[in-house]
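The structure file coords.cif is reproduced below (mmCIF, C-alpha atoms).
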data_work
#
loop_
_atom_site.label_atom_id
_atom_site.label_comp_id
_atom_site.auth_asym_id
_atom_site.auth_seq_id
_atom_site.Cartn_x
_atom_site.Cartn_y
_atom_site.Cartn_z
CA MET A 1 187.83 152.52 200.48
CA ASP A 2 187.31 149.74 197.93
CA THR A 3 189.53 149.85 194.88
CA LYS A 4 187.72 151.41 191.92
CA LYS A 5 187.58 149.41 188.71
CA MET A 6 187.37 150.22 185.01
CA ALA A 7 186.81 147.97 182.01
CA ILE A 8 187.26 148.95 178.36
CA ILE A 9 186.28 147.07 175.21
CA ALA A 10 188.64 148.08 172.41
CA THR A 11 187.18 147.34 168.97
CA LYS A 12 188.99 149.67 166.55
CA GLY A 13 192.26 148.92 164.79
CA THR A 14 193.53 152.23 163.45
CA LEU A 15 196.29 154.50 164.76
CA ASP A 16 193.89 157.26 165.88
CA TRP A 17 191.54 154.85 167.67
CA ALA A 18 194.48 153.12 169.36
CA TYR A 19 194.92 156.14 171.63
CA PRO A 20 191.72 156.36 173.72
CA PRO A 21 191.89 152.86 175.29
CA PHE A 22 195.58 153.16 176.23
CA ILE A 23 195.35 156.78 177.43
CA LEU A 24 192.32 156.07 179.61
CA ALA A 25 193.64 152.76 180.93
CA SER A 26 197.09 154.12 181.86
CA THR A 27 195.54 157.18 183.53
CA ALA A 28 193.00 155.05 185.40
CA ALA A 29 195.83 152.87 186.66
CA ALA A 30 197.73 156.00 187.81
CA LEU A 31 194.62 157.07 189.72
CA GLY A 32 194.51 153.71 191.47
CA TYR A 33 191.86 151.94 189.40
CA GLU A 34 192.12 148.21 188.76
CA THR A 35 191.86 148.22 184.96
CA GLN A 36 191.20 145.71 182.19
CA ILE A 37 191.02 146.09 178.42
CA PHE A 38 189.20 143.49 176.35
CA PHE A 39 190.48 143.54 172.75
CA THR A 40 188.09 142.21 170.15
CA PHE A 41 187.61 142.37 166.39
CA TYR A 42 189.88 145.09 164.90
CA GLY A 43 190.98 146.06 168.40
CA LEU A 44 193.24 143.00 168.27
CA GLN A 45 195.56 145.08 166.07
CA LEU A 46 196.43 147.16 169.14
CA VAL A 47 198.09 144.25 170.94
CA ARG A 48 200.07 142.75 168.07
CA LYS A 49 203.84 142.61 168.57
CA ASP A 50 204.22 144.56 165.35
CA THR A 51 202.28 147.83 165.47
CA SER A 52 203.42 149.04 162.04
CA GLY A 53 200.03 147.97 160.68
CA LEU A 54 198.28 150.72 162.69
CA LYS A 55 197.40 153.41 160.18
CA VAL A 56 195.18 156.42 159.90
CA SER A 57 193.35 157.57 156.80
CA PRO A 58 191.68 160.89 155.99
CA LEU A 59 189.74 159.02 153.25
CA GLY A 60 186.07 159.05 154.19
CA ASN A 61 186.94 160.80 157.45
CA PRO A 62 185.68 164.40 157.21
CA GLY A 63 186.60 165.05 160.85
CA MET A 64 190.32 164.71 160.24
CA PRO A 65 192.22 167.90 159.38
CA MET A 66 195.05 167.26 156.88
CA LYS A 67 197.83 169.60 157.92
CA MET A 68 201.56 169.39 157.36
CA PRO A 69 203.74 168.89 160.46
CA PHE A 70 206.70 170.83 158.99
CA GLY A 71 207.51 174.13 157.29
CA PRO A 72 206.67 177.73 158.23
CA LYS A 73 203.52 178.50 160.21
CA TRP A 74 201.45 179.70 157.22
CA PHE A 75 202.20 176.38 155.48
CA LYS A 76 201.34 174.30 158.56
CA ASP A 77 198.03 176.12 158.88
CA ILE A 78 196.80 175.04 155.44
CA ASN A 79 194.12 172.36 155.55
CA TRP A 80 194.69 170.16 152.49
CA ASN A 81 191.09 169.42 151.74
CA MET A 82 191.12 166.73 149.09
CA PRO A 83 188.07 165.09 147.51
CA ASN A 84 187.62 161.46 148.53
CA ALA A 85 187.78 160.32 144.90
CA ILE A 86 191.28 161.78 144.54
CA GLN A 87 192.49 160.40 147.90
CA ALA A 88 191.28 156.97 146.84
CA ILE A 89 193.31 156.71 143.63
CA ILE A 90 196.68 157.95 144.91
CA PRO A 91 198.82 154.86 145.65
CA GLY A 92 200.35 154.93 149.15
CA TYR A 93 198.14 157.82 150.27
CA GLU A 94 197.35 156.09 153.58
CA ASN A 95 201.03 155.46 154.29
CA VAL A 96 201.91 159.11 153.66
CA ALA A 97 199.01 160.31 155.84
CA THR A 98 200.11 157.90 158.59
CA SER A 99 203.72 159.05 158.60
CA LEU A 100 202.63 162.70 158.63
CA MET A 101 200.35 161.91 161.59
CA LYS A 102 203.20 160.17 163.42
CA MET A 103 205.35 163.26 162.86
CA THR A 104 202.57 165.48 164.26
CA ILE A 105 202.23 163.17 167.28
CA ALA A 106 205.97 163.40 168.00
CA ASN A 107 205.99 167.21 167.52
CA ASN A 108 203.22 167.57 170.10
CA GLY A 109 204.90 165.51 172.82
CA VAL A 110 202.24 162.82 172.54
CA ALA A 111 203.42 159.31 173.39
CA THR A 112 203.70 156.57 170.77
CA ILE A 113 201.33 153.60 170.94
CA PRO A 114 204.06 151.10 171.92
CA ASP A 115 205.09 153.52 174.73
CA LEU A 116 201.55 153.97 176.07
CA ARG A 117 200.90 150.25 175.81
CA GLY A 118 204.09 149.55 177.77
CA LEU A 119 203.06 152.08 180.44
CA CYS A 120 199.73 150.25 180.78
CA GLN A 121 201.47 146.93 181.24
CA GLU A 122 203.92 148.41 183.75
CA ALA A 123 200.92 149.70 185.72
CA ASP A 124 199.36 146.21 185.76
CA VAL A 125 196.52 146.94 183.35
CA LYS A 126 195.22 143.52 182.37
CA PHE A 127 194.97 142.83 178.62
CA ILE A 128 192.50 140.21 177.44
CA ALA A 129 192.17 139.19 173.79
CA CYS A 130 188.93 137.77 172.49
CA GLN A 131 189.76 134.17 171.56
CA MET A 132 186.89 133.92 169.09
CA THR A 133 188.12 136.85 166.97
CA VAL A 134 191.75 135.70 167.30
CA GLU A 135 190.67 132.53 165.50
CA LEU A 136 188.23 134.30 163.17
CA PHE A 137 191.01 136.48 161.75
CA GLY A 138 193.55 133.65 161.65
CA PHE A 139 195.93 135.04 164.28
CA GLN A 140 198.23 132.93 166.47
CA HIS A 141 198.87 133.72 170.14
CA SER A 142 202.48 134.28 169.08
CA ASP A 143 201.35 137.32 167.03
CA PHE A 144 200.51 139.14 170.26
CA ILE A 145 202.63 140.74 172.97
CA ASP A 146 203.56 138.80 176.10
CA GLY A 147 201.30 139.04 179.10
CA MET A 148 198.02 138.65 177.19
CA GLU A 149 195.21 136.51 178.47
CA TYR A 150 192.67 134.90 176.16
CA GLY A 151 188.97 134.54 176.87
CA GLY A 152 185.44 135.21 175.73
CA ALA A 153 182.47 137.38 176.60
CA ALA A 154 181.87 135.58 179.91
CA THR A 155 185.45 136.38 180.96
CA PHE A 156 184.78 140.04 180.21
CA PHE A 157 181.57 140.12 182.25
CA GLU A 158 183.21 138.52 185.27
CA PHE A 159 185.24 141.69 185.72
CA ALA A 160 182.99 144.24 183.96
CA GLY A 161 180.07 143.43 186.24
CA GLU A 162 181.96 144.83 189.19
CA THR A 163 183.33 147.99 187.58
CA ASP A 164 182.63 151.64 188.30
CA ILE A 165 183.36 152.64 184.70
CA CYS A 166 182.81 150.51 181.62
CA LEU A 167 183.55 151.83 178.12
CA PHE A 168 183.08 150.57 174.59
CA ILE A 169 185.63 152.11 172.24
CA MET B 1 208.97 176.32 198.29
CA ASN B 2 211.11 173.43 199.50
CA PHE B 3 210.90 170.17 197.62
CA ASP B 4 212.53 166.74 197.73
CA LYS B 5 212.34 165.68 194.09
CA GLU B 6 211.81 167.44 190.78
CA LEU B 7 210.03 166.16 187.67
CA ASP B 8 210.51 167.95 184.36
CA ALA B 9 207.47 167.06 182.22
CA ARG B 10 207.83 170.04 179.88
CA GLY B 11 207.03 169.28 176.25
CA LEU B 12 205.00 166.20 177.20
CA ASN B 13 201.31 165.93 176.54
CA CYS B 14 198.36 164.13 178.14
CA PRO B 15 198.51 161.66 179.84
CA LEU B 16 202.31 161.60 180.20
CA PRO B 17 202.72 164.34 182.87
CA ILE B 18 200.31 162.48 185.16
CA LEU B 19 201.90 159.08 184.51
CA ARG B 20 205.41 160.44 185.13
CA ALA B 21 204.22 162.19 188.32
CA LYS B 22 202.67 158.98 189.59
CA LYS B 23 205.99 157.20 189.00
CA ALA B 24 208.01 159.98 190.66
CA LEU B 25 205.72 159.97 193.71
CA ALA B 26 206.28 156.23 194.05
CA GLU B 27 210.00 156.94 194.47
CA ILE B 28 209.69 159.28 197.48
CA PRO B 29 208.51 158.52 201.02
CA SER B 30 205.20 159.75 202.40
CA GLY B 31 205.19 163.43 203.41
CA GLN B 32 207.89 164.49 200.94
CA VAL B 33 207.23 167.08 198.23
CA LEU B 34 207.48 166.62 194.45
CA LYS B 35 207.98 169.65 192.22
CA ILE B 36 206.53 169.20 188.72
CA LEU B 37 207.20 171.36 185.66
CA SER B 38 204.80 171.14 182.73
CA THR B 39 203.91 173.02 179.54
CA ASP B 40 200.59 171.22 179.01
CA PRO B 41 197.74 173.69 179.75
CA GLY B 42 195.46 170.70 180.45
CA SER B 43 197.72 169.64 183.31
CA VAL B 44 196.35 172.41 185.57
CA LYS B 45 192.98 170.73 185.90
CA ASP B 46 194.53 167.26 185.59
CA PHE B 47 196.87 167.62 188.57
CA ALA B 48 194.03 169.01 190.71
CA ALA B 49 191.89 166.00 189.73
CA PHE B 50 194.79 163.60 190.27
CA ALA B 51 195.37 165.00 193.78
CA LYS B 52 191.69 164.78 194.66
CA GLN B 53 191.42 161.17 193.54
CA THR B 54 194.70 159.83 194.92
CA GLY B 55 194.82 161.70 198.23
CA ASN B 56 198.17 163.34 197.48
CA GLU B 57 198.06 167.02 198.40
CA LEU B 58 198.48 169.69 195.70
CA LEU B 59 200.23 172.44 197.68
CA SER B 60 200.40 175.01 194.90
CA THR B 61 199.91 175.69 191.18
CA ALA B 62 201.67 178.53 189.40
CA GLU B 63 202.02 179.70 185.80
CA ALA B 64 204.81 181.81 184.31
CA GLY B 65 205.34 182.34 180.59
CA GLY B 66 203.60 179.14 179.53
CA ASP B 67 205.35 177.00 182.14
CA PHE B 68 203.28 175.48 184.91
CA THR B 69 204.78 174.58 188.28
CA PHE B 70 203.11 172.27 190.75
CA PHE B 71 204.13 171.22 194.24
CA MET B 72 202.60 167.98 195.41
CA LYS B 73 202.98 166.38 198.82
CA LYS B 74 202.88 162.60 198.87
CA LYS B 75 200.12 161.01 200.94
#
What does this structure look like when you write it as structure tokens?
Amino acid sequence: MDTKKMAIIATKGTLDWAYPPFILASTAAALGYETQIFFTFYGLQLVRKDTSGLKVSPLGNPGMPMKMPFGPKWFKDINWNMPNAIQAIIPGYENVATSLMKMTIANNGVATIPDLRGLCQEADVKFIACQMTVELFGFQHSDFIDGMEYGGAATFFEFAGETDICLFI
Amino acid sequence: MNFDKELDARGLNCPLPILRAKKALAEIPSGQVLKILSTDPGSVKDFAAFAKQTGNELLSTAEAGGDFTFFMKKK
């Protein structure tokens, strides 16, 4: 049987959107897929050495429940529905929401992004950063983790053209 | 059931039980049995799918008080 292949284009640079590419890529690798992720535009944030810039914001995101990860059950069950206008004027709101989300992630036994990313690399998932957007956003190769390759759209197609699964995230 | 290695994946969520199982299977020779403990309800379908796609044999799946136990024989 030929080895199955999967390619992912990762384009989002927030904490919540960091999960799908790494979860799918690490699982694909565990199932025996040869896997590549092409990081472009804001997706480049996912492969920076420093991941502290990955944040999540309930502002303008009606799909995100705002619940507290601590306290008694009745308190945890409250959905803190706040109008966008109020969220927008509270300084540090995004940082607070991000640390609450990280607490929720830990409470639920969900891996951290650096962990999942490391598991992908251990499983030989190939990471390619889009050179054009690296330059566009003023990054240096030294901003990114070791083991990255740099290329453009043609590099992506060389592998993507032979895949069984190809996702844009 | 007899087993050769045990993996405690309780408290871990998707996709960690699968990734840990893959790693544990790599550490035992072909034909040996891995026992896996999990609390992730999604792992029931996931381990069946993992077995089907990797060729490792899922010998049994059991649930008791929110704990899931799997026995998997390495291909």
For the provided coordinates, the residues matched by the PyMOL selection byres ((chain A) within 12 of (chain B)) should be stated as a ChimeraX atom specification. /A:1,3-4,19-33,105-112,115-116,118-120,122-123
Can you translate the PyMOL selection byres ((chain B and resi 8) around 9) into the concrete residues it hits in this file, as a PyMOL selection string? chain B and resi 6-7+9-11+17+35-38
Using C-alpha atoms, can you export the residues from the last selection as a short mmCIF file (atom, residue, chain, number, x, y, z; two decimals), keeping the file's coordinate frame?
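Contents of out.cif, freshly written:
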data_model
loop_
_atom_site.label_atom_id
_atom_site.label_comp_id
_atom_site.auth_asym_id
_atom_site.auth_seq_id
_atom_site.Cartn_x
_atom_site.Cartn_y
_atom_site.Cartn_z
CA GLU B 6 211.81 167.44 190.78
CA LEU B 7 210.03 166.16 187.67
CA ALA B 9 207.47 167.06 182.22
CA ARG B 10 207.83 170.04 179.88
CA GLY B 11 207.03 169.28 176.25
CA PRO B 17 202.72 164.34 182.87
CA LYS B 35 207.98 169.65 192.22
CA ILE B 36 206.53 169.20 188.72
CA LEU B 37 207.20 171.36 185.66
CA SER B 38 204.80 171.14 182.73
#
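Between CA of Gln32 in chain B and CA of Gly66 in chain B lies a distance of 26.3 Å.
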Go through the shown structure with the PyMOL selection byres ((chain A and resi 46) around 9) and write out the matching residues as JSON, numbers by chain. {"A": [10, 12, 13, 14, 15, 18, 39, 42, 43, 44, 45, 47, 48, 49, 51, 54, 113, 117]}
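Nearest to Ile128 in chain A of all the residues A:Ile90, A:Val96, A:Met103, A:Ala154 is A:Ala154, counting all atoms listed in the file.
For the atom pair formed by CA of Phe38 in chain A and CA of Val56 in chain A, the distance is 21.8 Å, given to one decimal.
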Separation of CA of Ala129 in chain A and CA of Tyr150 in chain A, in Å? 4.9 Å
Would you pick out the contacts of Lys5 in chain B at 10 Å or less, using all atoms listed in the file, so that residues sharing its chain but fewer than 3 positions from it are not included, and give the list as a PyMOL selection string? chain B and resi 2+24-25+27-28+32-36+71
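For the choices A:Val134, A:Leu167, A:Ala160, A:Met82, the atom-to-atom distance to Lys5 in chain A is smallest for A:Ala160 when using only C-alpha atoms.
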Can you pull out the residues contacting Thr98 in chain A? Cut-off 12 Å, using only C-alpha atoms, and skip same-chain residues under 5 positions away; I want them as number ranges by chain. A: 14-16, 52-59, 66-69, 92-93, 103-105
